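> This one is my_file27.cif, mmCIF, C-alpha atoms.
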data_model
#
loop_
_atom_site.label_atom_id
_atom_site.label_comp_id
_atom_site.auth_asym_id
_atom_site.auth_seq_id
_atom_site.Cartn_x
_atom_site.Cartn_y
_atom_site.Cartn_z
CA MET A 222 1.41 34.49 19.00
CA ARG A 223 3.46 34.56 15.81
CA ILE A 224 3.28 31.55 13.50
CA GLY A 225 5.44 30.67 10.52
CA VAL A 226 3.65 29.01 7.59
CA ILE A 227 6.01 27.11 5.28
CA GLY A 228 4.25 26.38 2.00
CA THR A 229 1.49 28.50 0.46
CA GLY A 230 -0.10 26.14 -2.04
CA ARG A 231 -3.75 25.07 -1.83
CA ILE A 232 -3.79 23.73 1.71
CA GLY A 233 -1.22 26.26 2.94
CA THR A 234 -3.47 29.06 1.74
CA ILE A 235 -6.43 27.53 3.59
CA HIS A 236 -4.43 27.26 6.81
CA ALA A 237 -2.99 30.77 6.48
CA ASN A 238 -6.50 32.18 6.07
CA THR A 239 -7.68 30.35 9.19
CA LEU A 240 -4.73 31.47 11.30
CA SER A 241 -4.75 35.05 10.05
CA ARG A 242 -8.24 35.63 11.42
CA HIS A 243 -7.74 33.68 14.66
CA ARG A 244 -8.11 35.92 17.71
CA ASP A 245 -5.11 34.37 19.47
CA VAL A 246 -2.72 34.68 16.52
CA GLY A 247 -1.10 38.08 16.31
CA SER A 248 0.78 37.66 13.02
CA LEU A 249 2.05 35.23 10.41
CA ILE A 250 5.27 34.88 8.45
CA LEU A 251 4.68 33.11 5.14
CA THR A 252 7.23 31.51 2.84
CA ASP A 253 7.18 29.25 -0.19
CA ALA A 254 9.55 27.93 -2.84
CA ASP A 255 7.50 30.16 -5.15
CA THR A 256 8.33 33.48 -3.47
CA ALA A 257 5.83 35.44 -5.58
CA ARG A 258 3.01 33.17 -4.42
CA ALA A 259 3.95 33.71 -0.76
CA GLN A 260 4.19 37.47 -1.27
CA GLU A 261 0.81 37.63 -2.96
CA LEU A 262 -0.89 35.71 -0.15
CA ALA A 263 0.86 37.76 2.53
CA HIS A 264 -0.25 40.99 0.84
CA ARG A 265 -3.83 39.75 0.60
CA LEU A 266 -3.92 38.76 4.29
CA GLY A 267 -1.96 41.72 5.61
CA GLU A 268 0.82 39.45 6.84
CA THR A 269 4.60 39.22 6.26
CA ALA A 270 6.32 37.22 3.52
CA ALA A 271 9.79 35.79 4.09
CA PRO A 272 12.23 35.05 1.24
CA GLY A 273 12.94 31.55 2.57
CA VAL A 274 12.78 29.04 5.40
CA GLU A 275 15.93 30.47 7.03
CA GLU A 276 14.12 33.69 7.78
CA ILE A 277 11.19 31.88 9.40
CA PHE A 278 13.50 30.59 12.11
CA ARG A 279 15.81 33.62 12.27
CA TRP A 280 13.05 36.23 12.57
CA GLY A 281 11.46 34.36 15.45
CA VAL A 282 8.13 32.54 15.65
CA ASP A 283 6.20 30.73 18.38
CA ALA A 284 5.12 27.80 16.20
CA VAL A 285 5.44 26.45 12.66
CA VAL A 286 2.87 25.11 10.19
CA ILE A 287 4.33 22.91 7.43
CA THR A 288 2.40 22.49 4.18
CA THR A 289 5.26 21.97 1.74
CA ALA A 290 5.87 19.04 -0.58
CA THR A 291 6.13 15.81 1.42
CA SER A 292 9.82 15.41 0.61
CA ALA A 293 10.58 18.42 2.85
CA HIS A 294 8.40 17.48 5.84
CA ALA A 295 10.81 15.39 7.89
CA GLU A 296 13.73 17.83 7.63
CA LEU A 297 11.53 20.79 8.57
CA ILE A 298 9.97 18.90 11.50
CA GLY A 299 13.45 18.11 12.78
CA ARG A 300 14.62 21.68 12.39
CA ALA A 301 11.61 23.04 14.27
CA ALA A 302 12.13 20.48 17.03
CA ARG A 303 15.78 21.50 17.42
CA SER A 304 14.57 25.10 17.66
CA GLY A 305 12.15 24.15 20.43
CA LEU A 306 9.09 25.02 18.35
CA PRO A 307 5.72 23.23 18.24
CA VAL A 308 4.80 22.07 14.72
CA PHE A 309 1.66 21.36 12.76
CA CYS A 310 2.44 19.30 9.66
CA GLU A 311 0.26 18.00 6.87
CA LYS A 312 0.40 14.24 6.42
CA PRO A 313 2.54 12.28 6.00
CA ILE A 314 5.66 12.87 8.08
CA ALA A 315 7.63 11.24 5.27
CA LEU A 316 6.97 8.78 2.46
CA ASP A 317 8.91 6.03 4.21
CA LEU A 318 9.16 4.57 7.69
CA PRO A 319 12.83 5.42 8.36
CA GLY A 320 12.24 9.10 7.59
CA SER A 321 9.12 9.14 9.76
CA LEU A 322 10.84 7.43 12.68
CA ALA A 323 13.82 9.79 12.50
CA ALA A 324 11.58 12.89 12.59
CA ILE A 325 9.53 11.51 15.49
CA ALA A 326 12.74 10.75 17.38
CA GLU A 327 13.88 14.37 17.00
CA VAL A 328 10.56 15.67 18.32
CA GLU A 329 10.60 13.30 21.27
CA ALA A 330 14.24 14.07 22.09
CA ALA A 331 13.50 17.79 22.06
CA GLY A 332 10.29 17.39 24.06
CA THR A 333 8.37 19.52 21.58
CA VAL A 334 4.96 19.07 19.93
CA LEU A 335 4.16 17.60 16.53
CA GLN A 336 0.49 17.67 15.52
CA MET A 337 -0.29 15.89 12.25
CA GLY A 338 -2.96 17.01 9.81
CA PHE A 339 -5.54 14.24 9.74
CA GLN A 340 -8.54 16.52 9.38
CA ARG A 341 -11.21 13.80 9.42
CA ARG A 342 -10.74 13.58 13.19
CA PHE A 343 -12.38 17.03 13.30
CA ASP A 344 -15.27 16.30 10.92
CA ALA A 345 -18.74 16.26 12.50
CA GLY A 346 -19.72 12.99 10.83
CA TYR A 347 -16.66 11.04 11.96
CA THR A 348 -16.90 12.55 15.43
CA GLY A 349 -20.51 11.34 15.63
CA ALA A 350 -19.47 7.86 14.48
CA ARG A 351 -16.75 7.68 17.14
CA GLU A 352 -19.25 8.67 19.82
CA ALA A 353 -21.75 6.06 18.59
CA VAL A 354 -19.13 3.29 18.68
CA ARG A 355 -17.64 4.28 22.03
CA SER A 356 -21.07 4.69 23.68
CA GLY A 357 -22.10 1.14 22.76
CA ARG A 358 -25.01 2.32 20.60
CA LEU A 359 -24.07 -0.12 17.84
CA GLY A 360 -23.44 -3.05 20.12
CA ARG A 361 -20.50 -5.24 19.10
CA LEU A 362 -19.01 -3.69 15.97
CA HIS A 363 -18.44 -6.39 13.37
CA THR A 364 -18.09 -4.61 9.99
CA VAL A 365 -16.71 -1.32 8.71
CA ARG A 366 -16.92 -0.24 5.07
CA ALA A 367 -15.04 2.89 4.01
CA LEU A 368 -14.28 4.58 0.71
CA THR A 369 -12.52 7.62 -0.70
CA SER A 370 -13.15 8.50 -4.34
CA ASP A 371 -11.62 11.48 -6.11
CA GLN A 372 -13.62 13.08 -8.89
CA ALA A 373 -10.63 13.49 -11.20
CA PRO A 374 -7.04 12.22 -11.20
CA PRO A 375 -4.12 14.45 -10.15
CA ASP A 376 -1.48 15.77 -12.54
CA ALA A 377 0.72 13.05 -14.01
CA ALA A 378 3.88 14.83 -12.80
CA TRP A 379 2.70 14.64 -9.20
CA LEU A 380 1.97 10.91 -9.11
CA PRO A 381 5.57 9.71 -8.66
CA LEU A 382 5.91 12.11 -5.70
CA SER A 383 2.65 11.12 -3.99
CA GLY A 384 3.75 7.84 -2.46
CA GLY A 385 0.92 5.96 -4.15
CA LEU A 386 -2.78 5.57 -3.52
CA TYR A 387 -2.42 3.79 -0.15
CA ARG A 388 0.05 6.29 1.35
CA ASP A 389 -1.53 9.40 -0.16
CA THR A 390 -5.28 8.79 -0.09
CA LEU A 391 -6.27 5.71 1.91
CA ILE A 392 -3.95 6.78 4.73
CA HIS A 393 -6.78 9.07 5.87
CA ASP A 394 -9.13 6.08 6.02
CA PHE A 395 -6.52 4.06 7.92
CA ASP A 396 -6.12 6.80 10.49
CA VAL A 397 -9.80 7.49 11.02
CA LEU A 398 -10.58 3.76 11.21
CA ARG A 399 -8.31 3.53 14.26
CA TRP A 400 -9.66 6.77 15.70
CA VAL A 401 -13.34 5.90 15.31
CA THR A 402 -13.20 2.27 16.40
CA GLY A 403 -10.41 2.37 18.98
CA GLY A 404 -9.04 -0.83 17.42
CA GLU A 405 -5.69 -1.72 15.93
CA VAL A 406 -5.17 -3.36 12.55
CA THR A 407 -3.46 -6.74 12.80
CA ASP A 408 -3.63 -8.07 9.23
CA VAL A 409 -4.23 -6.70 5.72
CA TYR A 410 -4.87 -8.07 2.27
CA ALA A 411 -4.80 -5.52 -0.54
CA ALA A 412 -5.20 -5.33 -4.30
CA GLY A 413 -4.98 -2.56 -6.87
CA SER A 414 -5.84 -1.88 -10.49
CA ASP A 415 -3.91 0.29 -12.98
CA ALA A 416 -6.39 -0.31 -15.82
CA GLY A 417 -7.11 3.42 -16.13
CA PRO A 418 -4.92 6.11 -17.72
CA ARG A 419 -1.36 5.11 -18.63
CA MET A 420 0.16 7.67 -16.26
CA PHE A 421 -0.61 5.44 -13.27
CA ARG A 422 1.28 2.50 -14.76
CA GLU A 423 4.18 4.77 -15.69
CA ALA A 424 4.35 5.99 -12.08
CA GLY A 425 4.18 2.46 -10.67
CA ASP A 426 0.89 3.38 -9.01
CA VAL A 427 -2.73 2.25 -9.26
CA ASP A 428 -5.85 4.31 -9.93
CA THR A 429 -8.14 2.05 -7.89
CA ALA A 430 -7.40 0.05 -4.73
CA ALA A 431 -9.12 -2.15 -2.18
CA ALA A 432 -8.05 -3.60 1.14
CA LEU A 433 -9.48 -6.02 3.67
CA LEU A 434 -8.29 -5.24 7.20
CA THR A 435 -8.74 -7.29 10.36
CA LEU A 436 -8.80 -5.46 13.69
CA ASP A 437 -7.54 -6.85 16.96
CA ASP A 438 -11.08 -7.48 18.23
CA GLY A 439 -12.09 -9.39 15.09
CA THR A 440 -13.88 -6.50 13.36
CA LEU A 441 -13.53 -6.68 9.57
CA ALA A 442 -13.02 -3.51 7.54
CA THR A 443 -13.09 -3.09 3.78
CA LEU A 444 -11.56 0.07 2.35
CA THR A 445 -11.58 1.21 -1.27
CA ALA A 446 -10.23 4.23 -3.12
CA THR A 447 -10.14 5.49 -6.68
CA ARG A 448 -8.85 8.52 -8.56
CA MET A 449 -11.55 8.11 -11.22
CA ASN A 450 -15.03 8.85 -9.81
CA GLY A 451 -16.63 11.15 -12.36
CA ALA A 452 -19.81 11.62 -10.32
CA GLY A 453 -17.95 13.69 -7.71
CA TYR A 454 -15.85 13.52 -4.55
CA ASP A 455 -17.18 10.73 -2.37
CA VAL A 456 -15.95 9.92 1.15
CA ARG A 457 -18.02 7.62 3.35
CA MET A 458 -17.74 5.19 6.24
CA GLU A 459 -20.39 2.65 7.21
CA LEU A 460 -20.22 0.97 10.62
CA ALA A 461 -22.37 -2.08 11.32
CA GLY A 462 -22.91 -3.53 14.77
CA GLU A 463 -25.15 -6.15 16.32
CA ARG A 464 -27.67 -3.48 17.35
CA ASP A 465 -27.47 -0.68 14.78
CA GLN A 466 -25.78 0.58 11.62
CA ILE A 467 -24.66 4.13 10.80
CA VAL A 468 -22.98 5.97 7.94
CA VAL A 469 -20.66 8.97 7.68
CA GLY A 470 -20.72 11.13 4.55
CA LEU A 471 -24.28 10.50 3.34
CA ASP A 472 -26.03 13.80 2.70
CA ASP A 473 -27.68 15.78 -0.09
CA ARG A 474 -24.29 16.33 -1.76
CA THR A 475 -23.11 12.72 -1.80
CA PRO A 476 -22.41 11.87 -5.47
CA ILE A 477 -24.42 8.67 -5.69
CA ALA A 478 -27.75 7.85 -7.32
CA SER A 479 -30.23 5.17 -6.30
CA THR A 480 -31.77 2.78 -8.85
CA GLU A 481 -34.73 2.13 -6.54
CA PRO A 482 -38.06 3.68 -7.66
CA THR A 483 -38.52 5.30 -4.25
CA GLY A 484 -34.85 6.03 -3.64
CA PRO A 485 -33.46 9.54 -3.03
CA PRO A 486 -32.62 11.67 -6.10
CA ALA A 487 -29.09 12.28 -7.30
CA ALA A 488 -27.31 15.24 -5.70
CA ASP A 489 -27.89 18.57 -7.46
CA LYS A 490 -24.51 19.88 -6.34
CA PRO A 491 -22.18 16.96 -5.52
CA TRP A 492 -18.95 17.48 -3.63
CA THR A 493 -16.05 18.23 -5.99
CA GLY A 494 -13.00 17.88 -3.75
CA PHE A 495 -11.52 17.50 -0.28
CA LEU A 496 -11.06 21.21 0.42
CA GLU A 497 -14.78 21.78 -0.08
CA ARG A 498 -15.98 18.62 1.68
CA PHE A 499 -13.73 19.04 4.73
CA GLY A 500 -13.53 22.84 4.94
CA PRO A 501 -14.87 23.09 8.52
CA ALA A 502 -12.63 20.23 9.65
CA TYR A 503 -9.51 21.91 8.26
CA GLU A 504 -10.39 25.05 10.20
CA ALA A 505 -11.09 23.08 13.38
CA GLU A 506 -7.75 21.26 13.32
CA LEU A 507 -5.83 24.56 13.08
CA ASN A 508 -7.90 26.02 15.92
CA ALA A 509 -6.96 22.94 17.92
CA PHE A 510 -3.28 23.50 17.13
CA VAL A 511 -3.44 27.03 18.51
CA GLU A 512 -4.98 25.62 21.68
CA VAL A 513 -2.20 23.02 21.89
CA VAL A 514 0.47 25.72 21.51
CA ARG A 515 -1.22 27.75 24.26
CA GLY A 516 -1.25 24.71 26.54
CA GLU A 517 -5.04 24.58 26.61
CA ARG A 518 -5.50 21.03 25.28
CA ALA A 519 -3.62 17.82 24.61
CA ASN A 520 -2.23 17.04 21.17
CA PRO A 521 -5.12 15.43 19.22
CA CYS A 522 -2.90 13.59 16.69
CA ASP A 523 0.81 13.23 17.36
CA GLY A 524 3.56 11.71 15.25
CA ARG A 525 3.13 8.21 16.70
CA GLU A 526 -0.52 8.23 15.67
CA ALA A 527 0.45 9.22 12.13
CA LEU A 528 3.09 6.51 12.10
CA GLN A 529 0.46 3.81 12.66
CA ALA A 530 -1.54 4.96 9.63
CA LEU A 531 1.64 4.87 7.53
CA ARG A 532 2.45 1.36 8.78
CA ILE A 533 -0.96 0.17 7.57
CA ALA A 534 -0.36 1.86 4.20
CA GLU A 535 3.04 0.18 3.95
CA ALA A 536 1.48 -3.20 4.75
CA CYS A 537 -1.16 -2.69 2.06
CA GLU A 538 1.44 -1.74 -0.54
CA LEU A 539 3.49 -4.80 0.33
CA SER A 540 0.40 -6.99 0.13
CA ARG A 541 -0.55 -5.56 -3.26
CA ARG A 542 2.89 -6.07 -4.73
CA GLN A 543 3.44 -9.55 -3.32
CA ARG A 544 -0.20 -10.69 -3.61
CA ARG A 545 -0.35 -12.07 -0.07
CA PRO A 546 -1.75 -11.28 3.37
CA VAL A 547 0.58 -9.14 5.51
CA HIS A 548 0.71 -9.04 9.29
CA LEU A 549 1.30 -5.57 10.75
CA ALA A 550 4.01 -7.12 12.89
CA GLU A 551 6.07 -7.42 9.68
CA ILE A 552 6.18 -3.63 9.34
CA ALA A 553 8.74 -1.59 11.27
CA GLY A 554 7.50 0.96 13.77
CA GLY A 555 6.90 -1.10 16.85
CA SER A 556 4.14 -1.22 19.37
CA PRO A 557 1.35 1.21 18.49
CA PRO A 558 0.06 3.62 21.12
CA THR A 559 -3.34 3.16 22.69
CA VAL A 560 -5.91 5.24 20.80
CA PRO A 561 -7.48 7.66 23.28
#
Take the structure in this file and express it as C-alpha cells.

Amino acid sequence: MRIGVIGTGRIGTIHANTLSRHRDVGSLILTDADTARAQELAHRLGETAAPGVEEIFRWGVDAVVITTATSAHAELIGRAARSGLPVFCEKPIALDLPGSLAAIAEVEAAGTVLQMGFQRRFDAGYTGAREAVRSGRLGRLHTVRALTSDQAPPDAAWLPLSGGLYRDTLIHDFDVLRWVTGGEVTDVYAAGSDAGPRMFREAGDVDTAAALLTLDDGTLATLTATRMNGAGYDVRMELAGERDQIVVGLDDRTPIASTEPTGPPAADKPWTGFLERFGPAYEAELNAFVEVVRGERANPCDGREALQALRIAEACELSRRQRRPVHLAEIAGGSPPTVP
C-alpha cells in the first residue's frame, strides 16, 4: 500500500512516522507547502518527497492522509474523492457548514471513504467510559462534565485561522460526548470570555468558554475550555449516573492539585500538550485507517459524524454571540446519523 501524506507539520509528522513503520504500508509520498520540511522528513523516514499536491495524485497512491491547514481540507477531500481514493483528514472538514456539506457530498457521490481525525475515540479512557455507559454500569446517565484546557495559548497569527475555541478545541468534546453517550444534542447555551490576552479580542475569539448542552434523553452536559491553564494540559470527562460515577483523564499526570489534607499530591510531570497526552490514540486511529483501506473494518468516524460535532460548535458560537439558547434544529446539516 502506498499512501500520500499532504502536510508535514506537527501532526503530519506524527502520522507519517506511524504509517512509515506500519507493516501493511509499503511506502509514503510526502508533500508540504514548505518543501524543505517535507524533504527533511522524507529523508529521515526513508520515504519519498513530492514537490507538490499534483504529484501525489499523478504518481499514484492507494490512499491520502490530509494534515494541511484547515482552509485546504475540503478541496483536497473533494479531489481525492474524484480520484476514487480513500481519505483520512484531520478535523474539521471545513470551518463552515457549506464547505463541510459540499465535501461530504463529493465523497458520497464518489462512493469513497472519508475518515475524520477525532482521536479521542481511540483513547483507552474514553473507550472505557463508552463501555461503562453502554453496559448500563452507571444506570441512567444524568450528568456529564467535560473540559479541555491548554497549557499555553497558540500563536496570535494562528487564532484568526482556527475557527474559534468552539470549532477548534471543544469540537473534540462535542464529538466524544456523542460517541460515549450515544445521545444527540438538542439544545445549547454557551458563553465565552476574552478577558485574557488582547490577541483573542483582536481575533474575535475567546480564551475561555463554557456550554450547557441538553441531550435527547434529558442528560445534561457542561463543557468548558480554556487556552490559559498554566498548570498543564488537562482533558477530562466525568459521567454521573444513578448507580455510579466515573472519570476519564484522571491519572498521576493530571495537572490538578487537591486542597484536602489527605488528597493526592500534585503531578510531578503534568501533561504538556495533546500530542503527548493522546500519542497512543493518534497511532491507533491511523492503524484503523489502514484497516479501513484494506476493507478489514468499517469506517470508525465518517464525514457525517464530524458534521454533527461542527453543528454543535456552530450552535454554541451562535449562542455565545446572541446570548440565547439555540436549538440544534436551527443549524443546517439535517438529521444526524445514529451513533453506532
> When you count only C-alpha atoms, which of these residues is closest to Gly524 in chain A: A:Thr289, A:Thr252, A:Thr493, A:Thr333?
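Among the listed residues, A:Thr333 lies closest to Gly524 in chain A.
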> Please compute the CA of Ala446 in chain A-CA of Arg532 in chain A distance, one decimal, in Å.
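These two atoms are separated by 17.6 Å.
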> Could you check how far CA of Trp280 in chain A sits from CA of Gly338 in chain A, in Å to one decimal?
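Between CA of Trp280 in chain A and CA of Gly338 in chain A the gap is 25.2 Å.
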> Could you spell out the hits of the PyMOL selection byres ((chain A and resi 374) around 7) on the shown file, as a PDB file with C-alpha atoms, in the coordinates of the input?

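Output (result_33.pdb):
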ATOM      1  CA  ASP A 371     -11.620  11.480  -6.110  1.00  0.00           C
ATOM      2  CA  ALA A 373     -10.630  13.490 -11.200  1.00  0.00           C
ATOM      3  CA  PRO A 375      -4.120  14.450 -10.150  1.00  0.00           C
ATOM      4  CA  ASP A 376      -1.480  15.770 -12.540  1.00  0.00           C
ATOM      5  CA  ARG A 448      -8.850   8.520  -8.560  1.00  0.00           C
ATOM      6  CA  MET A 449     -11.550   8.110 -11.220  1.00  0.00           C
TER       7      MET A 449
END
> Applying 10 Å and only C-alpha atoms, which residues near Gly305 in chain A remain after dropping the ones on its own chain fewer than 4 positions away? List them as a list in words.
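Neighbouring residues, sequence-local ones excluded: Asp283, Ala284, Gly299, Arg300, Ala301, Val328, Ala331, Gly332, Thr333 and Val334 of chain A.
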> What is the CA of Ile314 in chain A-CA of Glu327 in chain A distance in Å, reported with one decimal?
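We find that CA of Ile314 in chain A and CA of Glu327 in chain A lie 12.2 Å from each other.
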> Excluding same-chain residues fewer than 4 positions from range 341-351 of chain A, what lies within 8 Å of it counting all atoms listed in the file, as a list of chain:residue names?
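Selected residues are A:Arg355, A:His393, A:Val397, A:Trp400, A:Val401, A:Thr402, A:Leu460, A:Ile467, A:Val468, A:Val469, A:Gly470, A:Phe499, A:Pro501, A:Ala502, A:Tyr503, A:Ala505, A:Glu506.
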> For Val427 in chain A, which residue out of A:Pro491, A:Arg541, A:Ala330, A:Arg399 is the nearest one, using only C-alpha atoms?
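Result for the nearest residue to Val427 in chain A: A:Arg541.
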> Quick one: everything within 12 Å of Cys537 in chain A, counting only C-alpha atoms, minus sequence neighbours fewer than 3 positions away in the same chain. Send it as a PyMOL selection string.
chain A and resi 385-388+391-392+395+406-413+430-434+444-445+530-534+540-549+551-552
> If you apply the PyMOL selection byres ((chain A and resi 290) around 12) to this file, what residues do you get, as JSON, numbers by chain?
{"A": [227, 228, 229, 230, 231, 232, 233, 253, 254, 287, 288, 289, 291, 292, 293, 294, 295, 296, 297, 310, 311, 312, 313, 314, 315, 316, 379, 382, 383, 384]}
